[in-house]
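What follows is one structure encoded as structure tokens, with my remarks underneath.
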Amino acid sequence: MARLIQYMTRDSMYDGPFGGQAGWPAAGMGYVIVGDGGGLIVIDGGQPNDALCFAELLEAQTDGALPIVDKWIITHPHIDHYGAIQAISRDPELKRRIRVKEFIYWFPEEFCDKNGVGNLLKGANDDMDEVCYNMCAGCRRPQRDEIYKLDDVSLQFLYVPDDCSIFNSSGGNANMCSLIFTVSGKEKKAMITGDAYRRSMQITAWRYHKELKCDVLQMPHHYLCDAFCVDFYRYVSPEILLLPISRAGYRAMHSKEYDKLEGCIANLCAEAKAEEVYKAFEGTSEIII
């Protein structure tokens with residue numbers, strides 16, 4: 001049976017100041033899907049400081065054989081999501097320990113910030129060009145409703161950043177470019193949201209409605225209160241939650257400073273309804289899908 005592994009990023013262990021002048025330190029995010037035939041799919045991977053540990057996690061799935069990643073999906077252009085593979089690709093020893101066939105990502109350079117300044121994602125695209133070159137791997141953009149199958153696992157892309165006008169008028173955070181897709185095995189179906197914000201989840205809920213029902217939901221934007229969509233959560237109706245959040249972030253979202261905000265209320269309700277909750281800072285975990 002297929003497995004979905006949530007990696008404990010190094011930054012998920014952060015337990016310092018959170019909020020105010022400290023900001024919201026990124027927690028990183030990384031997932032590995034292992035098919036029943038041993039096929040590997042990776043989602044993000046974490047910060048540059050996760051490079052060695054993430055490579056070791058992949059090696060652990062192949063009993064010492066060279067890990068061959070069929071698809072490495074980068075949800076959106078932030079370094080706490082693609083930094084690990086960038087660091088791996090720049091390290092001669094580490095890049096010999098992993099083979100990647102193809103990277104899947106979409107960093108639209110038409111994207112603008114809230115002031116209308118464009119071309120913000122060229123640097124991230126340049127980074128990924130370097131990664132693909134160093135890893136001798138192909139790359140392409142996913143298409144909405146595209147379905148990809150490996151072993152007993154099926155992926156379906158539900159939201160891709162194919163219309164920048166949708167989010168260029170909504171604040172200009174590159175989290176809005178996050179891919180949203182499902183991962184289905186024989187036992188369970190999981191929803192991956194990356195760092196999606198409300199707008200893309202609203203659009204996805206409007207397009208798919210009850211088709212969104214999943215057993216597992218990766219909570220958007222590290223379970224922080226600035227990313228949620230009540231309709232999306234209602235349609236997905238998950239029994240299991242994956243929280244790629246830091247210890248400090250989780251504590252803050254349950255504090256009086258945040259827990260009365262609309263986003264926190266929605267996220268806390270989802271957590272309360274779930275039968276199982278896997279927090280990244282509590283350790284690398286896996287779910288049979």
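By convention in this document, the chains of the structure tokens carry letters A, B, ... by their order, each chain's residues are numbered from 1, and ligands are numbered from 1 in the order they are shown.
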
* Any idea what's packed within 7 Å of range 189-197 of chain A, counting only C-alpha atoms, ignoring anything in its chain fewer than 3 positions away? Could you give it as a list in words? ->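 These residues fall inside the cut-off: Thr75, Asn175, Met176, Ser178, Leu179, Ile180, Phe181, Thr182, Val183, Ser184, Gly185, Ser200, Met201, Cys214, Asp215, Val216, Leu217, Gln218, Met219, Pro220, His221, His222, Ala227, Phe228 and Ile289 of chain A.
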
Deliver the residues from the most recent selection as a file, using N, CA, C and O atoms, as an mmCIF file, in the first residue's frame.
```cif
data_model
loop_
_atom_site.group_PDB
_atom_site.id
_atom_site.type_symbol
_atom_site.label_atom_id
_atom_site.label_comp_id
_atom_site.auth_asym_id
_atom_site.auth_seq_id
_atom_site.Cartn_x
_atom_site.Cartn_y
_atom_site.Cartn_z
ATOM 1 N N THR A 75 5.334 23.353 -4.666
ATOM 2 C CA THR A 75 3.999 23.945 -4.615
ATOM 3 C C THR A 75 3.993 25.422 -4.969
ATOM 4 O O THR A 75 3.038 25.910 -5.590
ATOM 5 N N ASN A 175 2.267 33.160 -2.032
ATOM 6 C CA ASN A 175 1.515 32.004 -1.538
ATOM 7 C C ASN A 175 0.278 31.755 -2.382
ATOM 8 O O ASN A 175 -0.217 30.626 -2.475
ATOM 9 N N MET A 176 -0.237 32.815 -3.005
ATOM 10 C CA MET A 176 -1.435 32.690 -3.839
ATOM 11 C C MET A 176 -1.182 31.840 -5.076
ATOM 12 O O MET A 176 -2.128 31.407 -5.733
ATOM 13 N N SER A 178 0.202 28.934 -4.979
ATOM 14 C CA SER A 178 0.343 27.542 -4.555
ATOM 15 C C SER A 178 -0.547 26.598 -5.359
ATOM 16 O O SER A 178 -1.735 26.861 -5.573
ATOM 17 N N LEU A 179 0.042 25.492 -5.767
ATOM 18 C CA LEU A 179 -0.719 24.421 -6.394
ATOM 19 C C LEU A 179 -1.617 23.765 -5.350
ATOM 20 O O LEU A 179 -1.231 23.628 -4.188
ATOM 21 N N ILE A 180 -2.797 23.357 -5.770
ATOM 22 C CA ILE A 180 -3.689 22.567 -4.930
ATOM 23 C C ILE A 180 -3.996 21.282 -5.699
ATOM 24 O O ILE A 180 -4.399 21.333 -6.861
ATOM 25 N N PHE A 181 -3.779 20.131 -5.064
ATOM 26 C CA PHE A 181 -3.985 18.863 -5.760
ATOM 27 C C PHE A 181 -4.290 17.750 -4.767
ATOM 28 O O PHE A 181 -4.033 17.874 -3.562
ATOM 29 N N THR A 182 -4.865 16.677 -5.282
ATOM 30 C CA THR A 182 -5.183 15.525 -4.450
ATOM 31 C C THR A 182 -4.188 14.398 -4.715
ATOM 32 O O THR A 182 -3.618 14.281 -5.808
ATOM 33 N N VAL A 183 -4.002 13.573 -3.689
ATOM 34 C CA VAL A 183 -3.179 12.368 -3.770
ATOM 35 C C VAL A 183 -4.049 11.210 -3.311
ATOM 36 O O VAL A 183 -4.465 11.167 -2.155
ATOM 37 N N SER A 184 -4.358 10.295 -4.212
ATOM 38 C CA SER A 184 -5.275 9.202 -3.902
ATOM 39 C C SER A 184 -4.553 7.866 -3.955
ATOM 40 O O SER A 184 -3.878 7.549 -4.942
ATOM 41 N N GLY A 185 -4.720 7.075 -2.890
ATOM 42 C CA GLY A 185 -4.246 5.705 -2.863
ATOM 43 C C GLY A 185 -5.434 4.765 -2.785
ATOM 44 O O GLY A 185 -6.580 5.171 -2.942
ATOM 45 N N SER A 200 -7.605 31.219 -3.716
ATOM 46 C CA SER A 200 -7.483 30.014 -4.546
ATOM 47 C C SER A 200 -8.317 28.867 -3.991
ATOM 48 O O SER A 200 -8.844 28.045 -4.757
ATOM 49 N N MET A 201 -8.471 28.795 -2.674
ATOM 50 C CA MET A 201 -9.332 27.763 -2.093
ATOM 51 C C MET A 201 -10.799 28.042 -2.411
ATOM 52 O O MET A 201 -11.579 27.113 -2.667
ATOM 53 N N CYS A 214 -12.088 14.516 0.996
ATOM 54 C CA CYS A 214 -10.832 13.787 1.203
ATOM 55 C C CYS A 214 -10.763 13.295 2.645
ATOM 56 O O CYS A 214 -11.389 13.857 3.540
ATOM 57 N N ASP A 215 -9.952 12.272 2.858
ATOM 58 C CA ASP A 215 -9.726 11.766 4.205
ATOM 59 C C ASP A 215 -8.687 12.605 4.950
ATOM 60 O O ASP A 215 -8.734 12.715 6.176
ATOM 61 N N VAL A 216 -7.751 13.175 4.197
ATOM 62 C CA VAL A 216 -6.592 13.866 4.775
ATOM 63 C C VAL A 216 -6.492 15.261 4.172
ATOM 64 O O VAL A 216 -6.657 15.424 2.957
ATOM 65 N N LEU A 217 -6.211 16.243 5.005
ATOM 66 C CA LEU A 217 -5.995 17.613 4.529
ATOM 67 C C LEU A 217 -4.697 18.160 5.088
ATOM 68 O O LEU A 217 -4.498 18.182 6.303
ATOM 69 N N GLN A 218 -3.812 18.590 4.189
ATOM 70 C CA GLN A 218 -2.641 19.363 4.602
ATOM 71 C C GLN A 218 -3.106 20.798 4.766
ATOM 72 O O GLN A 218 -3.514 21.442 3.807
ATOM 73 N N MET A 219 -3.083 21.281 6.007
ATOM 74 C CA MET A 219 -3.613 22.604 6.294
ATOM 75 C C MET A 219 -2.801 23.684 5.586
ATOM 76 O O MET A 219 -1.563 23.657 5.598
ATOM 77 N N PRO A 220 -3.479 24.644 4.955
ATOM 78 C CA PRO A 220 -2.778 25.652 4.149
ATOM 79 C C PRO A 220 -1.925 26.597 4.986
ATOM 80 O O PRO A 220 -2.230 26.867 6.144
ATOM 81 N N HIS A 221 -0.844 27.071 4.362
ATOM 82 C CA HIS A 221 0.074 28.031 4.967
ATOM 83 C C HIS A 221 0.416 27.699 6.414
ATOM 84 O O HIS A 221 0.291 28.521 7.317
ATOM 85 N N HIS A 222 0.836 26.472 6.610
ATOM 86 C CA HIS A 222 1.385 26.057 7.906
ATOM 87 C C HIS A 222 0.398 26.210 9.063
ATOM 88 O O HIS A 222 0.812 26.424 10.203
ATOM 89 N N ALA A 227 -4.683 32.040 6.406
ATOM 90 C CA ALA A 227 -5.036 31.202 5.263
ATOM 91 C C ALA A 227 -6.096 30.191 5.679
ATOM 92 O O ALA A 227 -5.833 29.310 6.496
ATOM 93 N N PHE A 228 -7.283 30.330 5.111
ATOM 94 C CA PHE A 228 -8.375 29.409 5.416
ATOM 95 C C PHE A 228 -9.503 29.669 4.437
ATOM 96 O O PHE A 228 -9.546 30.707 3.778
ATOM 97 N N ILE A 289 -2.056 5.404 2.634
ATOM 98 C CA ILE A 289 -3.099 5.928 1.753
ATOM 99 C C ILE A 289 -3.485 4.895 0.695
ATOM 100 O O ILE A 289 -4.402 5.097 -0.041
#
```

* Please provide the set of residues having any atom within 7 Å of Tyr14 in chain A, restricted to only C-alpha atoms, with same-chain residues fewer than 4 positions apart removed, written as a ChimeraX atom specification. => /A:246-248

Store the residues picked out above, limited to N, CA and C atoms, as a compact mmCIF listing (two decimals), in the first residue's frame.
```
# COMPACT_ATOMS: atom_id res chain seq x y z
N SER A 246 5.59 25.14 12.87
CA SER A 246 6.62 25.10 13.92
C SER A 246 5.97 25.03 15.29
N ARG A 247 6.76 24.62 16.27
CA ARG A 247 6.26 24.56 17.65
C ARG A 247 5.80 25.95 18.10
N ALA A 248 6.58 26.98 17.76
CA ALA A 248 6.23 28.34 18.16
C ALA A 248 4.95 28.81 17.46
```

* Once DSSP has gone over the backbone, tell me which residues of range 78-280 of chain A are in alpha helix (DSSP H), as a ChimeraX atom specification. => /A:79-90,92-96,122-134,165-168,198-208,230-236,247-253,262-273

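Taking CA of Trp72 in chain A and CA of Tyr250 in chain A as the two end points, the separation is 27.5 Å.
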
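The spacing separating CA of Thr62 in chain A from CA of Ile41 in chain A amounts to 12.8 Å.
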
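The shell of residues at most 8 Å from Ala87 in chain A, with only C-alpha atoms counted and near chain neighbours (fewer than 4 positions) removed, consists of Pro48, Asn49, Ala51, Gly83 and Asp91 of chain A.
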
May I have the residues from that selection written out with N, CA and C atoms, as a compact mmCIF listing (two decimals), in the first residue's frame?
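The resulting file, out.txt, is shown below:
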```
# COMPACT_ATOMS: atom_id res chain seq x y z
N PRO A 48 16.99 25.12 2.90
CA PRO A 48 18.32 24.59 2.59
C PRO A 48 18.91 23.75 3.71
N ASN A 49 18.60 24.10 4.97
CA ASN A 49 19.16 23.33 6.09
C ASN A 49 18.54 21.95 6.24
N ALA A 51 18.51 19.82 3.62
CA ALA A 51 18.99 19.06 2.48
C ALA A 51 19.48 17.66 2.86
N GLY A 83 14.01 25.16 -0.98
CA GLY A 83 15.40 25.35 -0.56
C GLY A 83 16.18 24.05 -0.40
N ASP A 91 25.27 20.56 -3.98
CA ASP A 91 26.23 19.78 -3.21
C ASP A 91 26.63 18.54 -4.02
```

* Go through A:Ile74, A:Met8, A:Ala280, A:Val42 and flag the residue nearest Cys139 in chain A, using only C-alpha atoms for the distances. =>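 For Cys139 in chain A, the nearest of the given residues is A:Ile74.
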
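Minimum distance to Lys186 in chain A across A:Leu66, A:Ile288, A:Leu155, A:Val277 (counting only C-alpha atoms) occurs at A:Ile288.
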
* **Atomic separation - CA of Ser154 in chain A relative to CA of Ile43 in chain A, Å** => 14.0 Å

* **Nearest to Asn125 in chain A by atom-to-atom distance, counting only C-alpha atoms, from A:His76, A:Arg90, A:Val153, A:Val69** =>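 Using only C-alpha atoms, the shortest distance to Asn125 in chain A belongs to A:His76.
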
* What's the 10 Å shell around Gly123 in chain A, counting only C-alpha atoms, without same-chain residues fewer than 3 positions away, as a list in words? -> Pro77, Phe107, Glu109, Asn119, Leu120, Asp126, Asp127, Met128 and Asp129 of chain A

Generate a file of the selected residues that holds all heavy atoms, formatted as a PDB file, in the first residue's frame.
```pdb
ATOM      1  N   PRO A  77       6.775  29.366  -5.079  1.00  0.00           N
ATOM      2  CA  PRO A  77       8.152  29.871  -5.099  1.00  0.00           C
ATOM      3  C   PRO A  77       8.633  30.514  -3.804  1.00  0.00           C
ATOM      4  O   PRO A  77       9.007  31.699  -3.791  1.00  0.00           O
ATOM      5  CB  PRO A  77       8.113  30.887  -6.248  1.00  0.00           C
ATOM      6  CG  PRO A  77       6.722  31.404  -6.228  1.00  0.00           C
ATOM      7  CD  PRO A  77       5.867  30.233  -5.852  1.00  0.00           C
ATOM      8  N   PHE A 107       5.815  28.976 -11.512  1.00  0.00           N
ATOM      9  CA  PHE A 107       6.102  30.249 -10.864  1.00  0.00           C
ATOM     10  C   PHE A 107       5.824  31.369 -11.870  1.00  0.00           C
ATOM     11  O   PHE A 107       6.713  31.786 -12.605  1.00  0.00           O
ATOM     12  CB  PHE A 107       7.561  30.328 -10.421  1.00  0.00           C
ATOM     13  CG  PHE A 107       8.009  29.260  -9.453  1.00  0.00           C
ATOM     14  CD1 PHE A 107       9.373  29.116  -9.160  1.00  0.00           C
ATOM     15  CD2 PHE A 107       7.116  28.405  -8.827  1.00  0.00           C
ATOM     16  CE1 PHE A 107       9.812  28.159  -8.271  1.00  0.00           C
ATOM     17  CE2 PHE A 107       7.545  27.440  -7.935  1.00  0.00           C
ATOM     18  CZ  PHE A 107       8.901  27.307  -7.660  1.00  0.00           C
ATOM     19  N   GLU A 109       5.708  34.568 -13.831  1.00  0.00           N
ATOM     20  CA  GLU A 109       6.417  35.845 -13.757  1.00  0.00           C
ATOM     21  C   GLU A 109       5.495  37.026 -14.021  1.00  0.00           C
ATOM     22  O   GLU A 109       5.892  38.178 -13.843  1.00  0.00           O
ATOM     23  CB  GLU A 109       7.618  35.838 -14.702  1.00  0.00           C
ATOM     24  CG  GLU A 109       8.675  34.835 -14.263  1.00  0.00           C
ATOM     25  CD  GLU A 109       9.988  34.948 -15.021  1.00  0.00           C
ATOM     26  OE1 GLU A 109      10.209  35.958 -15.710  1.00  0.00           O
ATOM     27  OE2 GLU A 109      10.796  34.001 -14.909  1.00  0.00           O
ATOM     28  N   ASN A 119       7.386  40.781 -12.197  1.00  0.00           N
ATOM     29  CA  ASN A 119       8.639  40.053 -12.393  1.00  0.00           C
ATOM     30  C   ASN A 119       9.280  39.634 -11.072  1.00  0.00           C
ATOM     31  O   ASN A 119      10.495  39.456 -10.990  1.00  0.00           O
ATOM     32  CB  ASN A 119       9.627  40.887 -13.221  1.00  0.00           C
ATOM     33  CG  ASN A 119      10.577  40.021 -14.026  1.00  0.00           C
ATOM     34  OD1 ASN A 119      10.237  38.892 -14.370  1.00  0.00           O
ATOM     35  ND2 ASN A 119      11.746  40.547 -14.334  1.00  0.00           N
ATOM     36  N   LEU A 120       8.466  39.457 -10.039  1.00  0.00           N
ATOM     37  CA  LEU A 120       9.006  39.115  -8.722  1.00  0.00           C
ATOM     38  C   LEU A 120       9.541  37.692  -8.656  1.00  0.00           C
ATOM     39  O   LEU A 120      10.389  37.384  -7.813  1.00  0.00           O
ATOM     40  CB  LEU A 120       7.914  39.287  -7.653  1.00  0.00           C
ATOM     41  CG  LEU A 120       7.322  40.687  -7.476  1.00  0.00           C
ATOM     42  CD1 LEU A 120       6.190  40.640  -6.468  1.00  0.00           C
ATOM     43  CD2 LEU A 120       8.395  41.658  -7.027  1.00  0.00           C
ATOM     44  N   ASP A 126      14.857  31.287 -11.942  1.00  0.00           N
ATOM     45  CA  ASP A 126      16.286  31.097 -12.194  1.00  0.00           C
ATOM     46  C   ASP A 126      16.851  30.019 -11.267  1.00  0.00           C
ATOM     47  O   ASP A 126      17.662  29.182 -11.690  1.00  0.00           O
ATOM     48  CB  ASP A 126      17.046  32.405 -11.984  1.00  0.00           C
ATOM     49  CG  ASP A 126      16.767  33.443 -13.061  1.00  0.00           C
ATOM     50  OD1 ASP A 126      16.217  33.068 -14.119  1.00  0.00           O
ATOM     51  OD2 ASP A 126      17.083  34.634 -12.843  1.00  0.00           O
ATOM     52  N   ASP A 127      16.423  30.043 -10.007  1.00  0.00           N
ATOM     53  CA  ASP A 127      16.871  29.010  -9.051  1.00  0.00           C
ATOM     54  C   ASP A 127      16.476  27.627  -9.538  1.00  0.00           C
ATOM     55  O   ASP A 127      17.273  26.680  -9.495  1.00  0.00           O
ATOM     56  CB  ASP A 127      16.253  29.258  -7.671  1.00  0.00           C
ATOM     57  CG  ASP A 127      16.864  30.440  -6.942  1.00  0.00           C
ATOM     58  OD1 ASP A 127      17.950  30.900  -7.351  1.00  0.00           O
ATOM     59  OD2 ASP A 127      16.258  30.892  -5.951  1.00  0.00           O
ATOM     60  N   MET A 128      15.222  27.481  -9.986  1.00  0.00           N
ATOM     61  CA  MET A 128      14.757  26.167 -10.418  1.00  0.00           C
ATOM     62  C   MET A 128      15.391  25.742 -11.744  1.00  0.00           C
ATOM     63  O   MET A 128      15.605  24.539 -11.967  1.00  0.00           O
ATOM     64  CB  MET A 128      13.234  26.157 -10.516  1.00  0.00           C
ATOM     65  CG  MET A 128      12.531  26.126  -9.163  1.00  0.00           C
ATOM     66  SD  MET A 128      13.046  24.745  -8.085  1.00  0.00           S
ATOM     67  CE  MET A 128      12.651  23.322  -9.117  1.00  0.00           C
ATOM     68  N   ASP A 129      15.715  26.699 -12.611  1.00  0.00           N
ATOM     69  CA  ASP A 129      16.465  26.357 -13.826  1.00  0.00           C
ATOM     70  C   ASP A 129      17.802  25.729 -13.441  1.00  0.00           C
ATOM     71  O   ASP A 129      18.234  24.734 -14.038  1.00  0.00           O
ATOM     72  CB  ASP A 129      16.716  27.611 -14.673  1.00  0.00           C
ATOM     73  CG  ASP A 129      15.472  28.076 -15.419  1.00  0.00           C
ATOM     74  OD1 ASP A 129      14.502  27.306 -15.495  1.00  0.00           O
ATOM     75  OD2 ASP A 129      15.486  29.220 -15.915  1.00  0.00           O
TER      76      ASP A 129
END
```

* Near Lys279 in chain A, within 7 Å and counting only C-alpha atoms, which residues show up once chain neighbours fewer than 6 positions away are dropped, as number ranges by chain? -> A: 242-245
